[in-house]
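Source file data-v3.txt; content: compact mmCIF, C-alpha atoms and all ligand atoms.
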# COMPACT_ATOMS: atom_id res chain seq x y z
CA MET A 1415 45.95 5.93 19.78
CA ASP A 1416 48.22 3.42 18.11
CA ASP A 1417 46.46 0.64 20.03
CA LEU A 1418 43.08 1.90 18.81
CA LYS A 1419 44.30 2.02 15.25
CA GLN A 1420 45.75 -1.50 15.39
CA LYS A 1421 42.61 -2.90 17.02
CA TYR A 1422 40.16 -1.47 14.49
CA LEU A 1423 42.20 -1.97 11.34
CA SER A 1424 42.64 -5.66 12.13
CA ARG A 1425 38.96 -6.08 13.04
CA ILE A 1426 38.00 -4.44 9.75
CA ALA A 1427 40.32 -6.76 7.86
CA ASP A 1428 38.68 -9.78 9.52
CA ALA A 1429 35.03 -8.67 9.06
CA ALA A 1430 33.08 -11.46 7.38
CA ASP A 1431 30.18 -9.42 6.01
CA GLU A 1432 28.60 -5.96 5.81
CA ALA A 1433 26.67 -6.40 9.07
CA ALA A 1434 29.87 -7.13 10.99
CA LEU A 1435 31.48 -4.11 9.31
CA GLU A 1436 28.63 -1.85 10.45
CA ASP A 1437 29.05 -3.04 14.07
CA ILE A 1438 32.74 -2.15 13.85
CA ARG A 1439 31.94 1.28 12.39
CA LEU A 1440 29.56 2.11 15.26
CA ALA A 1441 32.07 0.91 17.90
CA ALA A 1442 34.94 2.94 16.36
CA VAL A 1443 33.69 6.12 14.71
CA GLY A 1444 29.97 6.16 15.63
CA LYS A 1445 28.58 8.97 17.81
CA LYS A 1446 29.27 6.93 20.94
CA GLY A 1447 32.28 5.11 19.51
CA GLU A 1448 35.74 5.00 21.02
CA VAL A 1449 37.16 7.75 18.79
CA ALA A 1450 34.28 10.09 19.71
CA LEU A 1451 34.97 9.44 23.40
CA LYS A 1452 38.61 10.35 22.88
CA MET A 1453 37.55 13.54 21.08
CA ARG A 1454 35.53 14.48 24.12
CA GLU A 1455 38.68 14.21 26.25
CA LEU A 1456 40.30 16.99 24.19
CA GLY A 1457 38.38 19.54 26.32
CA LYS A 1458 40.24 18.49 29.43
CA MET A 1459 43.68 18.82 27.81
CA SER A 1460 46.07 21.72 27.88
CA PRO A 1461 46.20 23.80 24.66
CA GLU A 1462 49.60 22.29 23.75
CA GLU A 1463 48.43 18.73 24.20
CA ARG A 1464 45.33 19.51 22.24
CA GLN A 1465 47.39 20.81 19.33
CA THR A 1466 48.98 17.44 18.68
CA ALA A 1467 46.14 15.17 19.89
CA GLY A 1468 43.40 16.93 17.83
CA PRO A 1469 44.85 16.43 14.35
CA ALA A 1470 46.05 12.94 15.30
CA LEU A 1471 42.52 11.91 16.33
CA ASN A 1472 41.06 13.33 13.12
CA ALA A 1473 43.67 11.46 11.10
CA LEU A 1474 42.80 8.27 12.98
CA LYS A 1475 39.11 8.79 12.23
CA ASP A 1476 39.81 9.32 8.51
CA GLU A 1477 42.02 6.28 8.36
CA ILE A 1478 39.38 4.04 9.96
CA ASN A 1479 36.66 5.46 7.66
CA SER A 1480 38.64 4.79 4.52
CA ALA A 1481 39.55 1.28 5.73
CA LEU A 1482 35.80 0.68 6.29
CA ALA A 1483 34.94 1.95 2.79
CA ALA A 1484 37.65 -0.16 1.15
CA LYS A 1485 36.55 -3.27 3.05
CA LYS A 1486 32.93 -2.62 2.16
CA GLU A 1487 33.82 -2.45 -1.52
CA ALA A 1488 35.86 -5.64 -1.27
CA LEU A 1489 32.94 -7.46 0.42
CA MET A 1490 30.53 -6.32 -2.35
CA ASP A 1491 32.94 -7.49 -5.03
CA ALA A 1492 33.27 -10.86 -3.33
CA ALA A 1493 29.45 -11.17 -3.09
CA LEU A 1494 29.10 -10.38 -6.80
CA ASP A 1495 31.79 -12.91 -7.71
CA GLU A 1496 30.02 -15.51 -5.63
CA ARG A 1497 26.70 -14.80 -7.37
CA LEU A 1498 28.24 -14.89 -10.84
CA ARG A 1499 29.82 -18.23 -10.01
CA GLY A 1500 26.44 -19.58 -8.80
CA GLU A 1501 24.50 -18.35 -11.81
CA TRP A 1502 27.04 -19.41 -14.37
CA LEU A 1503 25.56 -20.95 -17.48
CA ASP A 1504 27.33 -22.93 -20.17
CA VAL A 1505 25.85 -21.47 -23.32
CA THR A 1506 27.76 -23.97 -25.42
CA LEU A 1507 25.69 -26.92 -24.10
CA PRO A 1508 23.34 -28.41 -26.71
CA GLY A 1509 19.64 -27.49 -26.23
CA ARG A 1510 17.47 -29.96 -24.33
CA ALA A 1511 14.71 -31.58 -26.42
CA ARG A 1512 11.43 -30.17 -25.09
CA PRO A 1513 8.21 -32.17 -25.21
CA MET A 1514 6.13 -30.65 -28.00
CA GLY A 1515 2.41 -30.81 -28.66
CA THR A 1516 1.06 -32.36 -31.84
CA ILE A 1517 -1.87 -31.61 -34.12
CA HIS A 1518 -4.76 -34.01 -33.51
CA PRO A 1519 -5.67 -36.21 -36.52
CA ILE A 1520 -9.17 -34.65 -36.56
CA SER A 1521 -7.68 -31.16 -36.91
CA GLN A 1522 -5.20 -32.37 -39.51
CA VAL A 1523 -7.86 -34.13 -41.60
CA THR A 1524 -10.24 -31.16 -41.30
CA GLU A 1525 -7.43 -28.98 -42.71
CA GLU A 1526 -6.80 -31.47 -45.51
CA VAL A 1527 -10.50 -31.66 -46.43
CA THR A 1528 -10.77 -27.87 -46.34
CA ALA A 1529 -7.70 -27.44 -48.58
CA ILE A 1530 -9.10 -29.83 -51.21
CA PHE A 1531 -12.59 -28.32 -51.32
CA ALA A 1532 -11.24 -24.77 -51.21
CA ASP A 1533 -9.33 -25.62 -54.37
CA MET A 1534 -12.67 -26.52 -56.00
CA GLY A 1535 -14.23 -23.22 -54.98
CA PHE A 1536 -15.96 -24.23 -51.75
CA SER A 1537 -15.81 -21.95 -48.72
CA VAL A 1538 -16.22 -22.98 -45.09
CA ALA A 1539 -19.50 -22.33 -43.24
CA GLU A 1540 -20.27 -22.90 -39.58
CA GLY A 1541 -23.34 -23.36 -37.42
CA PRO A 1542 -24.09 -23.79 -33.71
CA GLN A 1543 -23.57 -27.14 -32.00
CA ILE A 1544 -26.70 -26.50 -29.92
CA ASP A 1545 -29.54 -25.90 -32.35
CA THR A 1546 -33.33 -25.94 -32.37
CA ASP A 1547 -35.05 -29.14 -33.39
CA TRP A 1548 -36.48 -27.16 -36.30
CA TYR A 1549 -33.04 -26.62 -37.89
CA ASN A 1550 -31.84 -30.10 -36.97
CA PHE A 1551 -34.98 -31.96 -38.16
CA ASP A 1552 -38.07 -30.18 -39.51
CA ALA A 1553 -36.29 -27.82 -41.89
CA LEU A 1554 -34.48 -30.85 -43.31
CA ASN A 1555 -37.77 -32.54 -44.11
CA ILE A 1556 -37.66 -34.81 -41.04
CA PRO A 1557 -41.08 -34.24 -39.40
CA GLY A 1558 -41.90 -35.19 -35.78
CA HIS A 1559 -43.16 -38.68 -36.54
CA HIS A 1560 -40.31 -39.55 -38.95
CA PRO A 1561 -38.34 -42.68 -37.93
CA ALA A 1562 -35.00 -40.91 -38.71
CA ARG A 1563 -35.76 -38.66 -35.76
CA ALA A 1564 -35.73 -41.65 -33.40
CA GLU A 1565 -32.74 -43.28 -35.13
CA MET A 1566 -30.55 -40.24 -34.50
CA ASP A 1567 -30.33 -40.95 -30.72
CA THR A 1568 -30.71 -37.27 -30.04
CA PHE A 1569 -29.52 -35.43 -26.92
CA TYR A 1570 -32.25 -32.93 -25.95
CA MET A 1571 -31.45 -29.90 -23.82
CA HIS A 1572 -33.20 -29.85 -20.46
CA ARG A 1573 -36.25 -27.60 -20.23
CA ALA A 1574 -37.84 -26.53 -16.95
CA GLU A 1575 -41.57 -27.17 -16.79
CA GLY A 1576 -43.51 -24.25 -18.25
CA ASP A 1577 -40.53 -23.12 -20.37
CA ASP A 1578 -42.09 -22.82 -23.79
CA ARG A 1579 -39.03 -21.89 -25.84
CA PRO A 1580 -38.58 -24.19 -28.85
CA PRO A 1581 -36.79 -27.45 -27.98
CA HIS A 1582 -33.02 -27.38 -28.45
CA VAL A 1583 -30.83 -30.37 -29.27
CA LEU A 1584 -27.13 -31.10 -29.61
CA ARG A 1585 -27.05 -31.23 -33.40
CA THR A 1586 -27.05 -34.83 -34.62
CA HIS A 1587 -25.45 -33.93 -37.97
CA THR A 1588 -23.94 -30.95 -39.79
CA SER A 1589 -26.91 -30.77 -42.19
CA PRO A 1590 -28.66 -27.90 -40.29
CA VAL A 1591 -25.79 -25.66 -41.46
CA GLN A 1592 -27.25 -26.06 -44.99
CA ILE A 1593 -30.44 -24.31 -43.85
CA ARG A 1594 -28.67 -21.58 -41.90
CA HIS A 1595 -26.37 -20.85 -44.82
CA MET A 1596 -29.20 -20.68 -47.38
CA GLU A 1597 -31.25 -18.41 -45.08
CA LYS A 1598 -28.37 -16.00 -44.75
CA HIS A 1599 -26.72 -16.08 -48.18
CA GLY A 1600 -29.29 -17.57 -50.58
CA ALA A 1601 -28.30 -19.15 -53.89
CA PRO A 1602 -26.02 -19.88 -55.66
CA CYS A 1603 -23.60 -21.29 -53.09
CA ARG A 1604 -20.78 -23.73 -52.65
CA ILE A 1605 -19.84 -24.55 -49.05
CA ILE A 1606 -18.51 -27.22 -46.76
CA ALA A 1607 -19.35 -27.23 -43.05
CA PRO A 1608 -17.03 -29.26 -40.83
CA GLY A 1609 -17.79 -29.63 -37.14
CA ARG A 1610 -18.84 -31.61 -34.11
CA VAL A 1611 -22.05 -33.58 -33.92
CA TYR A 1612 -23.61 -35.62 -31.11
CA ARG A 1613 -25.51 -38.89 -30.77
CA ALA A 1614 -26.16 -41.13 -27.77
CA ASP A 1615 -24.11 -44.07 -29.01
CA TYR A 1616 -20.86 -45.71 -27.86
CA ASP A 1617 -18.86 -48.66 -29.21
CA GLN A 1618 -15.70 -49.27 -31.25
CA THR A 1619 -16.95 -47.19 -34.18
CA HIS A 1620 -19.29 -44.76 -32.36
CA THR A 1621 -18.66 -42.02 -29.81
CA PRO A 1622 -21.30 -39.64 -28.39
CA MET A 1623 -19.41 -36.75 -29.98
CA PHE A 1624 -17.90 -37.10 -33.42
CA ASN A 1625 -17.12 -34.98 -36.48
CA GLN A 1626 -18.76 -34.58 -39.84
CA VAL A 1627 -18.27 -32.43 -42.86
CA GLU A 1628 -21.30 -31.31 -44.81
CA GLY A 1629 -21.17 -30.21 -48.44
CA LEU A 1630 -23.71 -28.06 -50.30
CA ALA A 1631 -23.60 -26.73 -53.86
CA ILE A 1632 -26.56 -24.86 -55.31
CA ASP A 1633 -26.88 -23.37 -58.76
CA ARG A 1634 -29.30 -23.31 -61.70
CA ASP A 1635 -28.15 -26.48 -63.41
CA ILE A 1636 -26.42 -28.74 -60.91
CA SER A 1637 -26.78 -32.49 -61.34
CA MET A 1638 -25.71 -35.81 -59.82
CA ALA A 1639 -22.88 -35.80 -62.39
CA ASN A 1640 -21.39 -32.72 -60.69
CA LEU A 1641 -21.72 -34.48 -57.34
CA LYS A 1642 -19.91 -37.55 -58.63
CA TRP A 1643 -17.08 -35.52 -60.17
CA VAL A 1644 -16.56 -33.43 -57.03
CA LEU A 1645 -16.49 -36.48 -54.76
CA GLU A 1646 -14.11 -38.42 -57.03
CA GLU A 1647 -11.78 -35.43 -57.19
CA PHE A 1648 -11.96 -35.23 -53.43
CA PHE A 1649 -11.20 -38.91 -52.78
CA ALA A 1650 -8.32 -38.99 -55.27
CA ALA A 1651 -6.73 -35.97 -53.58
CA PHE A 1652 -7.48 -37.03 -50.01
CA PHE A 1653 -6.30 -40.64 -50.29
CA GLU A 1654 -3.58 -39.62 -52.77
CA VAL A 1655 -4.65 -42.27 -55.30
CA ASP A 1656 -5.32 -41.13 -58.88
CA GLY A 1657 -8.39 -42.66 -60.49
CA ILE A 1658 -9.83 -44.08 -57.26
CA LYS A 1659 -13.20 -45.69 -58.03
CA THR A 1660 -16.46 -44.80 -56.29
CA ARG A 1661 -19.76 -46.65 -56.16
CA PHE A 1662 -23.07 -44.82 -55.80
CA ARG A 1663 -25.79 -46.94 -54.20
CA ALA A 1664 -29.40 -45.78 -54.26
CA SER A 1665 -30.46 -44.93 -50.73
CA HIS A 1666 -32.87 -42.79 -48.80
CA PHE A 1667 -32.45 -39.60 -46.81
CA PRO A 1668 -35.36 -37.28 -46.03
CA PHE A 1669 -33.36 -34.22 -47.13
CA THR A 1670 -32.31 -35.46 -50.58
CA GLU A 1671 -34.12 -36.85 -53.62
CA PRO A 1672 -32.68 -38.90 -55.20
CA SER A 1673 -30.26 -40.06 -52.51
CA ALA A 1674 -27.11 -42.12 -52.74
CA GLU A 1675 -24.68 -43.70 -50.35
CA VAL A 1676 -21.16 -43.57 -51.68
CA ASP A 1677 -18.53 -46.30 -51.33
CA ILE A 1678 -14.85 -46.11 -52.22
CA GLN A 1679 -12.73 -48.86 -53.70
CA CYS A 1680 -10.57 -50.86 -51.31
CA SER A 1681 -8.83 -54.18 -50.80
CA TRP A 1682 -8.15 -56.37 -47.79
CA VAL A 1683 -4.79 -58.14 -48.13
CA ASP A 1684 -3.55 -60.17 -45.13
CA GLY A 1685 -5.88 -58.24 -42.89
CA GLN A 1686 -4.50 -54.94 -44.19
CA LEU A 1687 -6.85 -52.41 -45.65
CA LYS A 1688 -5.73 -50.56 -48.80
CA ILE A 1689 -7.80 -47.68 -50.16
CA GLY A 1690 -8.06 -47.11 -53.92
CA GLU A 1691 -7.26 -50.62 -55.15
CA GLY A 1692 -8.88 -54.04 -55.34
CA ASP A 1693 -12.55 -54.92 -55.66
CA GLY A 1694 -13.89 -54.33 -52.17
CA TRP A 1695 -16.04 -51.35 -51.16
CA LEU A 1696 -16.19 -49.15 -48.08
CA GLU A 1697 -19.09 -46.85 -47.34
CA VAL A 1698 -17.91 -43.32 -46.61
CA LEU A 1699 -20.77 -40.87 -47.04
CA GLY A 1700 -24.40 -40.03 -47.75
CA SER A 1701 -25.44 -37.65 -50.49
CA GLY A 1702 -28.06 -36.65 -53.02
CA MET A 1703 -29.90 -33.84 -54.76
CA VAL A 1704 -31.25 -31.37 -52.21
CA HIS A 1705 -34.98 -31.99 -51.60
CA PRO A 1706 -37.26 -29.10 -52.72
CA HIS A 1707 -38.70 -28.89 -49.17
CA VAL A 1708 -35.18 -28.29 -47.85
CA LEU A 1709 -34.46 -25.53 -50.38
CA ARG A 1710 -37.76 -23.90 -49.42
CA SER A 1711 -36.92 -24.14 -45.67
CA GLY A 1712 -33.77 -22.18 -46.46
CA GLY A 1713 -35.74 -19.59 -48.45
CA VAL A 1714 -34.42 -20.77 -51.83
CA ASP A 1715 -36.89 -21.21 -54.69
CA PRO A 1716 -36.78 -24.83 -55.95
CA GLU A 1717 -38.32 -23.74 -59.27
CA GLN A 1718 -35.14 -21.81 -60.02
CA TRP A 1719 -32.40 -23.54 -58.08
CA GLN A 1720 -31.18 -27.03 -57.49
CA GLY A 1721 -28.16 -28.53 -55.81
CA PHE A 1722 -26.38 -31.48 -54.32
CA ALA A 1723 -25.43 -32.15 -50.73
CA PHE A 1724 -23.34 -34.69 -48.90
CA GLY A 1725 -22.37 -35.58 -45.36
CA MET A 1726 -19.23 -37.46 -44.44
CA GLY A 1727 -17.66 -38.65 -41.16
CA ILE A 1728 -14.33 -36.88 -40.63
CA ASP A 1729 -13.22 -39.31 -37.93
CA ARG A 1730 -14.04 -42.21 -40.22
CA ILE A 1731 -11.97 -40.98 -43.16
CA ALA A 1732 -9.16 -40.10 -40.72
CA MET A 1733 -9.20 -43.70 -39.44
CA LEU A 1734 -9.11 -45.04 -43.00
CA LYS A 1735 -6.33 -42.77 -44.23
CA TYR A 1736 -4.05 -43.06 -41.22
CA GLY A 1737 -4.82 -46.65 -40.17
CA ILE A 1738 -6.28 -45.77 -36.77
CA PRO A 1739 -8.26 -48.78 -35.51
CA ASP A 1740 -10.44 -47.51 -32.64
CA LEU A 1741 -12.56 -44.36 -32.84
CA ARG A 1742 -12.87 -44.03 -29.06
CA ALA A 1743 -9.11 -43.43 -28.70
CA PHE A 1744 -9.54 -40.16 -30.64
CA PHE A 1745 -11.13 -38.58 -27.60
CA ASP A 1746 -9.28 -40.28 -24.71
CA SER A 1747 -6.49 -37.63 -24.56
CA ASP A 1748 -3.90 -40.39 -24.03
CA LEU A 1749 -0.54 -38.67 -24.51
CA ARG A 1750 1.09 -41.80 -26.01
CA TRP A 1751 -1.70 -42.02 -28.59
CA LEU A 1752 -1.52 -38.29 -29.34
CA ARG A 1753 2.27 -38.45 -29.87
CA HIS A 1754 1.94 -41.52 -32.08
CA TYR A 1755 -0.92 -40.36 -34.29
CA GLY A 1756 -0.45 -36.57 -33.98
CA PHE A 1757 1.06 -34.35 -36.66
CA ALA A 1758 3.91 -31.86 -36.45
CA SER A 1759 2.49 -28.42 -35.81
CA LEU A 1760 4.18 -26.75 -38.76
CA ASP A 1761 3.08 -29.29 -41.40
CA VAL A 1762 0.07 -27.33 -42.60
CA PRO A 1763 -1.63 -29.34 -45.34
CA THR A 1764 -1.81 -27.64 -48.73
CA LEU A 1765 -2.38 -29.02 -52.21
CA HIS A 1766 0.92 -27.68 -53.54
CA GLY A 1767 3.03 -28.53 -50.45
CA GLY A 1768 1.59 -32.00 -49.97
CA LEU A 1769 -1.47 -32.88 -47.94
CA SER A 1770 -0.04 -35.31 -45.46
CA ARG A 1771 3.74 -35.30 -45.74
N1 LIG B 1 -26.92 -35.97 -42.33
C1 LIG B 1 -26.65 -37.35 -42.68
C2 LIG B 1 -26.20 -38.10 -41.45
O1 LIG B 1 -25.74 -37.52 -40.54
C3 LIG B 1 -25.59 -37.44 -43.74
C4 LIG B 1 -26.03 -36.88 -45.04
C5 LIG B 1 -26.63 -37.67 -45.97
C6 LIG B 1 -25.86 -35.54 -45.30
C7 LIG B 1 -27.04 -37.17 -47.19
C8 LIG B 1 -26.26 -35.01 -46.53
C9 LIG B 1 -26.86 -35.85 -47.46
O2 LIG B 1 -26.10 -33.72 -46.85
O3 LIG B 1 -27.24 -35.32 -48.66
O4 LIG B 1 -26.30 -39.30 -41.41

If you took the structure in this file and wrote it as structure tokens, what would it be?
Amino acid sequence: MDDLKQKYLSRIADAADEAALEDIRLAAVGKKGEVALKMRELGKMSPEERQTAGPALNALKDEINSALAAKKEALMDAALDERLRGEWLDVTLPGRARPMGTIHPISQVTEEVTAIFADMGFSVAEGPQIDTDWYNFDALNIPGHHPARAEMDTFYMHRAEGDDRPPHVLRTHTSPVQIRHMEKHGAPCRIIAPGRVYRADYDQTHTPMFNQVEGLAIDRDISMANLKWVLEEFFAAFFEVDGIKTRFRASHFPFTEPSAEVDIQCSWVDGQLKIGEGDGWLEVLGSGMVHPHVLRSGGVDPEQWQGFAFGMGIDRIAMLKYGIPDLRAFFDSDLRWLRHYGFASLDVPTLHGGLSR
């Protein structure tokens, strides 16, 4: 019995893991283990022998069981220690700089434009990017034969033969939002409508998708003077130059009468463009008094209401303000470009907090 005890206690002490320990348990105190076999021999003993051997065997069994339990606990502790050592983390290390996304200049400038016009009482309206040719052209006084219709390089949606739904186009400008807004809300109104527009054109200053912002103000006694004041306020705030000069050139758009193209003051010094100084001019938008046909298309009575409208390229004013040379790069998704020209995500432009700082 002493041999058995020595054998198993030393094996238990040497067991490397819980599986080895289980093998030892089965061999020693399992149903067919060595101690059980010895117990069976009790039956063949004399009553006297049995009286000493019985309790001794039970004591041996208890001793082996508690050695097994103690070893098992020790193995679990060791495993836990090992795991804690492996998963150890130095919380005093400085944080690693993580690559962060930036706000695209188009989004930033759209926010800036919105903040400035909101301050002048304009709200933001939206319209679909796929629209009928009626909203995109006819309602804006551009009939089927009008040359502007060809000049717009329009993308038409495919129509299967025999499909007689009205033709749909990718809107070529944000002007159709004027009609949709008037139809829904009538007059008076004061809105801007920023968004994507599409034309089949591609070079350094043209991309097939680009961004415009439309403006529309309708009331009973609106004039070109109101248009001029609003635009000058806008340019002064946007380019952060007080008293920036504008130039209104007579022009023609089917949806306005009279119409004007608007230039802002600029200078070219050593090949560097500066906005709001000097005696050069840069064209930035089209505008005018809303044509009576257009008011009528939107269900607004031109005998009672009048208004001004304008349309401006968001990408273009973004390029001017932030010195971005090539329009095509706006839509290339080049990470180096995005990191260079992008804006920090928490710098939301407001008039009081600063538009672009
Ligand atoms: N829709 C014109 C364009 O895309 C821009 C424009 C000109 C809009 C004059 C207007 C406007 O509202 O009055 O070229």

Quiz item: Using only C-alpha atoms and all ligand atoms, which protein or nucleic acid residues are at most 9 Å from ligand LIG 1 (chain B), as a ChimeraX atom specification?
Solution: /A:1566,1586-1590,1592,1611,1626-1630,1666-1671,1673-1675,1699-1705,1722-1727

Self-check item: Non-local contacts of Leu1474 (chain A) (12 Å; all atoms listed in the file; under 5 positions in same chain excluded) as a PyMOL selection string
Solution: chain A and resi 1415-1423+1442-1443+1448-1450+1452-1453+1467-1469+1479-1481

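For the point (-7.8, -47.6, -35.2), the residues with an atom at a distance of at most 12 Å are Pro1519, Gln1618, Thr1619, Leu1687, Asp1729, Arg1730, Ile1731, Ala1732, Met1733, Leu1734, Lys1735, Tyr1736, Gly1737, Ile1738, Pro1739, Asp1740, Leu1741, Arg1742, Ala1743, Phe1744, Trp1751, His1754 and Tyr1755 of chain A, counting only C-alpha atoms.
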
Quiz item: What does the distance between CA of Leu1456 (chain A) and CA of Asn1472 (chain A) come to in Å, to one decimal place?
Solution: 11.7 Å

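The spacing separating CA of Met1623 (chain A) from CA of Gly1690 (chain A) amounts to 28.4 Å.
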
Quiz item: Neighbours of region 1483-1495 of chain A within 7 Å (all atoms listed in the file; same-chain residues fewer than 5 positions away dropped), as a PyMOL selection string?
Solution: chain A and resi 1426+1431-1432

Quiz item: Around (-10.4, -26.1, -42.8) in the file's frame, which residues reach within 12 Å when counting all atoms listed in the file? Return as number ranges by chain?
Solution: A: 1520-1533, 1536-1540, 1605-1609, 1627, 1728, 1762-1764

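In this comparison, which uses all atoms listed in the file, the residue of A:Asp1746, A:Glu1455, A:Asp1545, A:Glu1575 approaching Arg1594 (chain A) most closely is A:Asp1545.
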
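Here the question is which of A:Glu1654, A:Asp1578, A:Glu1691, A:Asp1567 gets nearest to Arg1613 (chain A) using all atoms listed in the file, and that residue is A:Asp1567.
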
May I have the centre and edge lengths, in Å to one decimal, of an axis-aligned box around the listed atoms of region 1672-1684 of chain A with 8 Å added to every side, as JSON?
{"center_x": -18.1, "center_y": -49.5, "center_z": -50.2, "size_x": 45.1, "size_y": 37.3, "size_z": 26.1}

Practice problem: Just give me the gap between CA of Gly1713 (chain A) and CA of Met1596 (chain A) in Å, one decimal is fine. | Solution: 6.7 Å

Quiz item: Could you name the residues that touch Pro1706 (chain A) at 12 Å or less, counting all atoms listed in the file, but leaving out those on the same chain fewer than 5 positions away, as an MDAnalysis selection string?
Solution: chainID A and resid 1553:1555 1632 1668:1672 1711:1722

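Minimum distance to Gly1600 (chain A) across A:Asp1656, A:Glu1565, A:Asp1428, A:Asp1633 (counting all atoms listed in the file) occurs at A:Asp1633.
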
Self-check item: Non-local contacts of region 1508-1516 of chain A (9 Å; all atoms listed in the file; under 4 positions in same chain excluded) as number ranges by chain
Solution: A: 1752-1753, 1755-1759

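For the choices A:Lys1642, A:Leu1760, A:Arg1499, A:Leu1440, the atom-to-atom distance to Ile1478 (chain A) is smallest for A:Leu1440 when using only C-alpha atoms.
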